[in-house]
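Containing mmCIF, C-alpha atoms and all ligand atoms: model39.cif.
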```
data_protein
loop_
_atom_site.group_PDB
_atom_site.id
_atom_site.type_symbol
_atom_site.label_atom_id
_atom_site.label_comp_id
_atom_site.auth_asym_id
_atom_site.auth_seq_id
_atom_site.Cartn_x
_atom_site.Cartn_y
_atom_site.Cartn_z
ATOM 1 C CA MET J 1 -73.332 -72.165 -66.681
ATOM 2 C CA ARG J 2 -70.088 -71.661 -68.573
ATOM 3 C CA PRO J 3 -67.796 -69.162 -66.871
ATOM 4 C CA TRP J 4 -67.114 -65.993 -68.827
ATOM 5 C CA TYR J 5 -64.946 -62.911 -68.474
ATOM 6 C CA GLY J 6 -66.565 -59.513 -68.911
ATOM 7 C CA VAL J 7 -64.402 -56.742 -70.316
ATOM 8 C CA ASP J 8 -65.638 -53.189 -70.564
ATOM 9 C CA PHE J 9 -65.008 -51.388 -73.852
ATOM 10 C CA ASP J 10 -64.602 -47.606 -73.435
ATOM 11 C CA GLY J 11 -61.729 -46.766 -71.137
ATOM 12 C CA THR J 12 -60.756 -50.428 -70.769
ATOM 13 C CA LEU J 13 -60.113 -51.918 -74.223
ATOM 14 C CA VAL J 14 -60.000 -48.564 -75.989
ATOM 15 C CA HIS J 15 -59.124 -45.043 -74.959
ATOM 16 C CA TYR J 16 -62.069 -42.945 -73.855
ATOM 17 C CA GLU J 17 -62.287 -39.307 -72.847
ATOM 18 C CA LYS J 18 -65.783 -38.212 -73.788
ATOM 19 C CA TRP J 19 -68.724 -39.474 -75.791
ATOM 20 C CA GLN J 20 -68.133 -38.855 -79.489
ATOM 21 C CA GLY J 21 -71.005 -40.771 -81.011
ATOM 22 C CA ALA J 22 -72.046 -44.404 -81.419
ATOM 23 C CA THR J 23 -69.590 -45.207 -84.182
ATOM 24 C CA HIS J 24 -66.539 -43.528 -82.647
ATOM 25 C CA VAL J 25 -63.969 -45.916 -81.215
ATOM 26 C CA GLY J 26 -60.842 -44.745 -79.416
ATOM 27 C CA ALA J 27 -57.323 -46.059 -79.842
ATOM 28 C CA PRO J 28 -56.737 -49.565 -78.489
ATOM 29 C CA VAL J 29 -55.209 -49.989 -75.024
ATOM 30 C CA PRO J 30 -52.333 -52.397 -75.824
ATOM 31 C CA LEU J 31 -51.954 -54.028 -72.414
ATOM 32 C CA MET J 32 -55.643 -54.854 -72.188
ATOM 33 C CA VAL J 33 -55.893 -55.996 -75.799
ATOM 34 C CA GLU J 34 -52.940 -58.358 -75.313
ATOM 35 C CA ARG J 35 -54.481 -59.680 -72.104
ATOM 36 C CA VAL J 36 -57.739 -60.497 -73.858
ATOM 37 C CA LYS J 37 -55.915 -62.145 -76.780
ATOM 38 C CA LYS J 38 -54.069 -64.336 -74.306
ATOM 39 C CA TRP J 39 -57.346 -65.341 -72.668
ATOM 40 C CA LEU J 40 -58.824 -66.176 -76.073
ATOM 41 C CA ASP J 41 -55.749 -68.302 -76.880
ATOM 42 C CA GLU J 42 -56.367 -70.125 -73.614
ATOM 43 C CA GLY J 43 -59.927 -70.841 -74.723
ATOM 44 C CA LYS J 44 -61.618 -68.506 -72.260
ATOM 45 C CA ASP J 45 -65.075 -67.127 -72.980
ATOM 46 C CA VAL J 46 -64.531 -63.364 -73.162
ATOM 47 C CA ARG J 47 -67.394 -60.973 -73.721
ATOM 48 C CA ILE J 48 -67.403 -57.232 -74.146
ATOM 49 C CA PHE J 49 -69.437 -55.806 -71.299
ATOM 50 C CA THR J 50 -70.612 -52.370 -72.301
ATOM 51 C CA ALA J 51 -73.534 -49.998 -71.916
ATOM 52 C CA ARG J 52 -73.150 -49.226 -75.617
ATOM 53 C CA VAL J 53 -75.226 -52.311 -76.433
ATOM 54 C CA TYR J 54 -78.133 -51.158 -74.266
ATOM 55 C CA PRO J 55 -81.101 -51.553 -74.916
ATOM 56 C CA LEU J 56 -80.273 -54.471 -77.230
ATOM 57 C CA MET J 57 -78.897 -56.262 -74.139
ATOM 58 C CA THR J 58 -76.842 -58.999 -75.817
ATOM 59 C CA VAL J 59 -75.584 -59.399 -79.371
ATOM 60 C CA MET J 60 -73.783 -62.638 -80.234
ATOM 61 C CA PRO J 61 -71.172 -62.741 -82.999
ATOM 62 C CA ASN J 62 -73.454 -64.543 -85.445
ATOM 63 C CA ASP J 63 -76.558 -62.524 -84.706
ATOM 64 C CA ASN J 64 -78.105 -60.690 -87.611
ATOM 65 C CA ILE J 65 -78.697 -57.110 -86.502
ATOM 66 C CA ASP J 66 -82.132 -56.919 -88.158
ATOM 67 C CA GLN J 67 -83.163 -60.041 -86.297
ATOM 68 C CA VAL J 68 -81.896 -58.544 -83.058
ATOM 69 C CA LEU J 69 -84.034 -55.462 -83.669
ATOM 70 C CA SER J 70 -87.042 -57.639 -84.503
ATOM 71 C CA ARG J 71 -87.020 -58.844 -80.868
ATOM 72 C CA PHE J 72 -88.360 -55.476 -79.838
ATOM 73 C CA GLU J 73 -91.925 -54.330 -80.217
ATOM 74 C CA GLU J 74 -90.846 -50.777 -80.669
ATOM 75 C CA VAL J 75 -87.551 -49.747 -82.227
ATOM 76 C CA THR J 76 -86.442 -46.344 -80.992
ATOM 77 C CA SER J 77 -83.543 -44.158 -82.044
ATOM 78 C CA ARG J 78 -81.742 -45.558 -79.003
ATOM 79 C CA HIS J 79 -82.020 -49.074 -80.438
ATOM 80 C CA VAL J 80 -80.697 -47.887 -83.782
ATOM 81 C CA GLU J 81 -77.803 -46.092 -82.103
ATOM 82 C CA ALA J 82 -76.947 -49.282 -80.217
ATOM 83 C CA THR J 83 -76.833 -51.261 -83.463
ATOM 84 C CA GLN J 84 -74.378 -48.717 -84.860
ATOM 85 C CA ALA J 85 -72.235 -49.052 -81.761
ATOM 86 C CA VAL J 86 -72.350 -52.856 -81.963
ATOM 87 C CA LEU J 87 -71.241 -52.831 -85.591
ATOM 88 C CA ALA J 88 -68.375 -50.465 -84.723
ATOM 89 C CA ILE J 89 -67.267 -52.738 -81.852
ATOM 90 C CA GLN J 90 -67.515 -55.851 -84.032
ATOM 91 C CA THR J 91 -65.365 -54.203 -86.698
ATOM 92 C CA TRP J 92 -62.874 -53.254 -83.991
ATOM 93 C CA CYS J 93 -62.856 -56.854 -82.696
ATOM 94 C CA LYS J 94 -62.001 -58.226 -86.139
ATOM 95 C CA GLU J 95 -59.146 -55.778 -86.514
ATOM 96 C CA HIS J 96 -57.612 -56.034 -83.051
ATOM 97 C CA LEU J 97 -58.639 -59.442 -81.682
ATOM 98 C CA GLU J 98 -59.079 -61.332 -84.951
ATOM 99 C CA LYS J 99 -62.332 -62.592 -83.514
ATOM 100 C CA VAL J 100 -65.737 -61.046 -82.938
ATOM 101 C CA LEU J 101 -66.767 -61.347 -79.300
ATOM 102 C CA PRO J 102 -70.233 -61.421 -77.784
ATOM 103 C CA ILE J 103 -71.319 -57.957 -76.666
ATOM 104 C CA THR J 104 -73.568 -57.644 -73.651
ATOM 105 C CA CYS J 105 -74.685 -55.390 -70.833
ATOM 106 C CA VAL J 106 -76.255 -58.247 -68.907
ATOM 107 C CA LYS J 107 -74.665 -59.820 -65.855
ATOM 108 C CA ASP J 108 -75.530 -63.441 -65.194
ATOM 109 C CA TYR J 109 -74.185 -66.153 -62.883
ATOM 110 C CA GLY J 110 -71.533 -67.203 -65.414
ATOM 111 C CA LEU J 111 -69.666 -63.914 -64.955
ATOM 112 C CA VAL J 112 -66.488 -64.750 -63.031
ATOM 113 C CA GLU J 113 -64.468 -61.583 -63.576
ATOM 114 C CA LEU J 114 -65.437 -58.084 -64.582
ATOM 115 C CA TRP J 115 -62.723 -55.770 -65.883
ATOM 116 C CA ASP J 116 -63.893 -52.188 -65.949
ATOM 117 C CA ASP J 117 -62.249 -48.796 -65.521
ATOM 118 C CA ARG J 118 -65.175 -47.619 -63.387
ATOM 119 C CA ALA J 119 -65.341 -50.600 -61.054
ATOM 120 C CA ILE J 120 -64.329 -50.272 -57.429
ATOM 121 C CA GLN J 121 -63.423 -53.680 -56.069
ATOM 122 C CA ILE J 122 -64.462 -54.453 -52.537
ATOM 123 C CA ILE J 123 -63.050 -57.261 -50.478
ATOM 124 C CA LYS J 124 -65.661 -59.991 -50.345
ATOM 125 C CA ASN J 125 -68.068 -59.843 -47.398
ATOM 126 C CA THR J 126 -66.373 -56.834 -45.771
ATOM 127 C CA GLY J 127 -67.433 -53.708 -47.667
ATOM 128 C CA LEU J 128 -63.780 -52.681 -47.701
ATOM 129 C CA ARG J 129 -62.190 -51.273 -50.831
ATOM 130 C CA ALA J 130 -59.602 -53.644 -52.277
ATOM 131 C CA ASP J 131 -57.593 -50.726 -53.689
ATOM 132 C CA LEU J 132 -57.447 -49.063 -50.257
ATOM 133 C CA ASP J 133 -58.148 -45.708 -51.875
ATOM 134 C CA GLU J 134 -59.948 -44.717 -48.707
ATOM 135 C CA TRP J 135 -56.648 -44.972 -46.899
ATOM 136 C CA ALA J 136 -54.209 -42.103 -46.907
ATOM 137 C CA GLY J 137 -50.979 -41.002 -45.304
ATOM 138 C CA GLU J 138 -48.274 -43.624 -45.008
ATOM 139 C CA THR J 139 -46.479 -43.829 -41.722
ATOM 140 C CA ASP J 140 -42.802 -42.958 -41.684
ATOM 141 C CA GLU J 141 -41.609 -46.404 -40.737
ATOM 142 C CA PRO J 142 -43.960 -49.028 -41.993
ATOM 143 C CA PHE J 143 -43.679 -52.424 -40.435
ATOM 144 C CA ILE J 144 -45.741 -55.259 -39.102
ATOM 145 C CA MET J 145 -45.417 -56.836 -35.729
ATOM 146 C CA MET J 146 -46.185 -60.482 -35.358
ATOM 147 C CA GLY J 147 -46.040 -61.255 -31.708
ATOM 148 C CA ALA J 148 -42.817 -59.665 -30.518
ATOM 149 C CA GLU J 149 -41.208 -59.996 -33.914
ATOM 150 C CA VAL J 150 -40.960 -57.052 -36.246
ATOM 151 C CA ILE J 151 -41.146 -58.064 -39.837
ATOM 152 C CA GLN J 152 -39.972 -55.628 -42.424
ATOM 153 C CA SER J 153 -40.128 -55.991 -46.136
ATOM 154 C CA ALA J 154 -40.688 -54.557 -49.529
ATOM 155 C CA ARG J 155 -44.193 -53.418 -50.158
ATOM 156 C CA ILE J 156 -46.670 -55.688 -51.777
ATOM 157 C CA ALA J 157 -49.716 -54.684 -53.733
ATOM 158 C CA PRO J 158 -52.467 -53.679 -51.296
ATOM 159 C CA GLN J 159 -55.063 -55.674 -53.175
ATOM 160 C CA LYS J 160 -53.128 -58.842 -52.376
ATOM 161 C CA ILE J 161 -53.743 -58.356 -48.691
ATOM 162 C CA TYR J 162 -56.922 -59.721 -47.260
ATOM 163 C CA LEU J 163 -57.482 -58.732 -43.688
ATOM 164 C CA HIS J 164 -60.101 -60.008 -41.371
ATOM 165 C CA PRO J 165 -62.285 -57.070 -40.251
ATOM 166 C CA PHE J 166 -61.266 -57.594 -36.622
ATOM 167 C CA THR J 167 -57.618 -57.397 -37.594
ATOM 168 C CA LEU J 168 -58.294 -54.237 -39.498
ATOM 169 C CA ALA J 169 -60.190 -52.748 -36.575
ATOM 170 C CA ASN J 170 -57.228 -53.576 -34.370
ATOM 171 C CA MET J 171 -54.879 -51.834 -36.786
ATOM 172 C CA LEU J 172 -57.012 -48.738 -37.021
ATOM 173 C CA SER J 173 -57.369 -48.454 -33.273
ATOM 174 C CA ARG J 174 -53.654 -47.718 -32.961
ATOM 175 C CA PRO J 175 -53.187 -43.956 -32.866
ATOM 176 C CA ASP J 176 -50.101 -43.833 -35.075
ATOM 177 C CA GLY J 177 -50.990 -46.782 -37.257
ATOM 178 C CA ALA J 178 -47.399 -47.963 -37.104
ATOM 179 C CA HIS J 179 -47.263 -50.543 -34.334
ATOM 180 C CA VAL J 180 -49.603 -53.193 -35.529
ATOM 181 C CA GLU J 181 -50.027 -56.729 -34.485
ATOM 182 C CA ILE J 182 -51.294 -58.999 -37.185
ATOM 183 C CA GLY J 183 -53.194 -61.923 -35.788
ATOM 184 C CA TYR J 184 -53.372 -65.342 -37.318
ATOM 185 C CA GLY J 185 -56.198 -67.790 -37.069
ATOM 186 C CA SER J 186 -58.778 -65.484 -38.589
ATOM 187 C CA PRO J 187 -61.010 -66.786 -41.399
ATOM 188 C CA ASP J 188 -58.792 -65.000 -43.907
ATOM 189 C CA PRO J 189 -55.339 -65.121 -42.340
ATOM 190 C CA LEU J 190 -52.513 -63.147 -43.777
ATOM 191 C CA ASP J 191 -50.227 -65.462 -45.611
ATOM 192 C CA LEU J 192 -47.136 -63.364 -46.037
ATOM 193 C CA PRO J 193 -43.639 -64.717 -46.452
ATOM 194 C CA GLN J 194 -41.259 -63.604 -43.730
ATOM 195 C CA SER J 195 -39.623 -61.163 -46.096
ATOM 196 C CA THR J 196 -42.848 -59.432 -47.022
ATOM 197 C CA VAL J 197 -43.624 -55.929 -45.783
ATOM 198 C CA LEU J 198 -47.042 -54.472 -45.518
ATOM 199 C CA LYS J 199 -47.793 -50.937 -46.509
ATOM 200 C CA MET J 200 -49.226 -49.363 -43.407
ATOM 201 C CA CYS J 201 -51.535 -46.439 -43.777
ATOM 202 C CA LYS J 202 -53.782 -44.390 -41.601
ATOM 203 C CA LEU J 203 -57.410 -43.786 -42.395
ATOM 204 C CA LYS J 204 -58.310 -40.400 -43.755
ATOM 205 C CA GLU J 205 -59.963 -38.250 -41.094
HETATM 206 MG MG MG J 301 -65.499 -47.805 -69.245
#
```

Spit out the file's structure as structure tokens when you get a sec.
Amino acid sequence: MRPWYGVDFDGTLVHYEKWQGATHVGAPVPLMVERVKKWLDEGKDVRIFTARVYPLMTVMPNDNIDQVLSRFEEVTSRHVEATQAVLAIQTWCKEHLEKVLPITCVKDYGLVELWDDRAIQIIKNTGLRADLDEWAGETDEPFIMMGAEVIQSARIAPQKIYLHPFTLANMLSRPDGAHVEIGYGSPDPLDLPQSTVLKMCKLKE
């Protein structure tokens, strides 16, 4: 199955505050639009992943909307509203991406990345949040101890750090959260350059 990148529409590609009808489209989000254009230049398969297309499920760029509707035994007002939303998104695609993208609300095994303002990323196989939002309260003097050596550095993005659960448990068991020994040899060892500094936090009570 060809890998594809799913990109949410409202709040991700375009500004979104509240629902203003099927045909309303917010202002483009420049950083995200440029990112998608770069992917398209690289030949990546990018699809807009949005609930707006529900219950039509998937509409490809060359699909005729009447034919899409003919797939359904019963066409409800919800189906009609989705067609209006699809047409609005396709028009937006032409204007801002110079290419109409597939629009879908269906996840299949080809999905390799999902970009969505509502998504909470968890670190694979751990249940831990990759954004560490559940952490709070930095210690005064953040540092990592590796063996007897204290390694200090500039902070790196928390989502770049993949800790083995046992390592994490070890960190959290320290009352002040500051003196932490990072062990190597775990399935997902830390691979930090000597100059790198970890942001140490304590768990919220
Ligand atoms: Mg969204």

Could you spell out the hits of the PyMOL selection byres (((chain J and resi 53-60) around 6) and not hetatm) on the shown file, as a list in words?
-> Ala51, Arg52, Pro61, Asn62, Asp63, Ala82, Pro102, Ile103, Thr104 and Cys105 of chain J

Export, as a short mmCIF file (atom, residue, chain, number, x, y, z; two decimals), in the coordinates of the input, the selected residues with C-alpha atoms.
```cif
data_model
loop_
_atom_site.label_atom_id
_atom_site.label_comp_id
_atom_site.auth_asym_id
_atom_site.auth_seq_id
_atom_site.Cartn_x
_atom_site.Cartn_y
_atom_site.Cartn_z
CA ALA J 51 -73.53 -50.00 -71.92
CA ARG J 52 -73.15 -49.23 -75.62
CA PRO J 61 -71.17 -62.74 -83.00
CA ASN J 62 -73.45 -64.54 -85.44
CA ASP J 63 -76.56 -62.52 -84.71
CA ALA J 82 -76.95 -49.28 -80.22
CA PRO J 102 -70.23 -61.42 -77.78
CA ILE J 103 -71.32 -57.96 -76.67
CA THR J 104 -73.57 -57.64 -73.65
CA CYS J 105 -74.68 -55.39 -70.83
#
```

Residues at most 8 Å from ligand MG 301 (chain J), using only C-alpha atoms and all ligand atoms? Could they come as a list of chain:residue names?
-> J:Asp8, J:Phe9, J:Asp10, J:Gly11, J:Thr12, J:Tyr16, J:Thr50, J:Asp116, J:Asp117, J:Arg118

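If you look at CA of Lys38 (chain J) and CA of Ala85 (chain J), they are 24.9 Å away from each other.
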
Ground truth for the PyMOL selection byres (((chain J and resi 22) around 8) and not hetatm), written as a list in words | Gln20, Gly21, Thr23, His24, Arg52, Glu81, Ala82, Gln84, Ala85 and Ala88 of chain J

Taking the file as shown, find all residues satisfying the PyMOL selection byres (((chain J and resi 26) around 6) and not hetatm) and write them as a PyMOL selection string.
-> chain J and resi 14-16+25+27

Kindly indicate which residue among J:Ile120, J:Leu97, J:Ile65, J:Leu111 lies nearest to Val36 (chain J), using all atoms listed in the file for the distances.
->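 Between J:Ile120, J:Leu97, J:Ile65, J:Leu111, the residue approaching Val36 (chain J) most closely is J:Leu97.
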
For CA of Glu98 (chain J) and CA of Val7 (chain J), the interatomic separation in Å (one decimal) | 16.2 Å

Write out as a PDB file with C-alpha atoms, in the coordinates of the input which residues come within 10 Å of Lys107 (chain J) when counting all atoms listed in the file, dropping same-chain ones fewer than 6 positions away.
```
ATOM      1  CA  GLY J   6     -66.565 -59.513 -68.911  1.00  0.00           C
ATOM      2  CA  PHE J  49     -69.437 -55.806 -71.299  1.00  0.00           C
ATOM      3  CA  MET J  57     -78.897 -56.262 -74.139  1.00  0.00           C
ATOM      4  CA  LEU J 114     -65.437 -58.084 -64.582  1.00  0.00           C
TER       5      LEU J 114
END
```

Pairwise distance, CA of Glu17 (chain J) with CA of Tyr5 (chain J), equals 24.2 Å

Output region 30-42 of chain J from the block with N, CA and C atoms, as a compact mmCIF listing (two decimals), in the first residue's frame?
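As a result, out-v2.txt now contains:
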```
# COMPACT_ATOMS: atom_id res chain seq x y z
N PRO J 30 -0.04 29.61 7.06
CA PRO J 30 1.09 29.61 6.10
C PRO J 30 2.11 28.51 6.32
N LEU J 31 2.51 28.29 7.56
CA LEU J 31 3.56 27.30 7.82
C LEU J 31 3.13 25.91 7.36
N MET J 32 1.87 25.59 7.64
CA MET J 32 1.37 24.25 7.27
C MET J 32 1.18 24.14 5.77
N VAL J 33 0.67 25.20 5.17
CA VAL J 33 0.47 25.19 3.71
C VAL J 33 1.81 25.01 3.00
N GLU J 34 2.83 25.73 3.45
CA GLU J 34 4.15 25.61 2.83
C GLU J 34 4.72 24.21 3.02
N ARG J 35 4.46 23.63 4.19
CA ARG J 35 4.96 22.28 4.46
C ARG J 35 4.33 21.28 3.48
N VAL J 36 3.03 21.41 3.29
CA VAL J 36 2.34 20.48 2.38
C VAL J 36 2.82 20.69 0.95
N LYS J 37 3.03 21.94 0.54
CA LYS J 37 3.51 22.20 -0.82
C LYS J 37 4.89 21.56 -1.04
N LYS J 38 5.70 21.62 0.00
CA LYS J 38 7.03 21.00 -0.10
C LYS J 38 6.88 19.48 -0.27
N TRP J 39 6.00 18.90 0.51
CA TRP J 39 5.78 17.45 0.39
C TRP J 39 5.30 17.09 -1.03
N LEU J 40 4.40 17.91 -1.56
CA LEU J 40 3.87 17.64 -2.90
C LEU J 40 4.99 17.76 -3.93
N ASP J 41 5.87 18.75 -3.75
CA ASP J 41 7.03 18.90 -4.65
C ASP J 41 7.92 17.66 -4.59
N GLU J 42 7.99 17.07 -3.40
CA GLU J 42 8.81 15.87 -3.22
C GLU J 42 8.11 14.61 -3.73
```
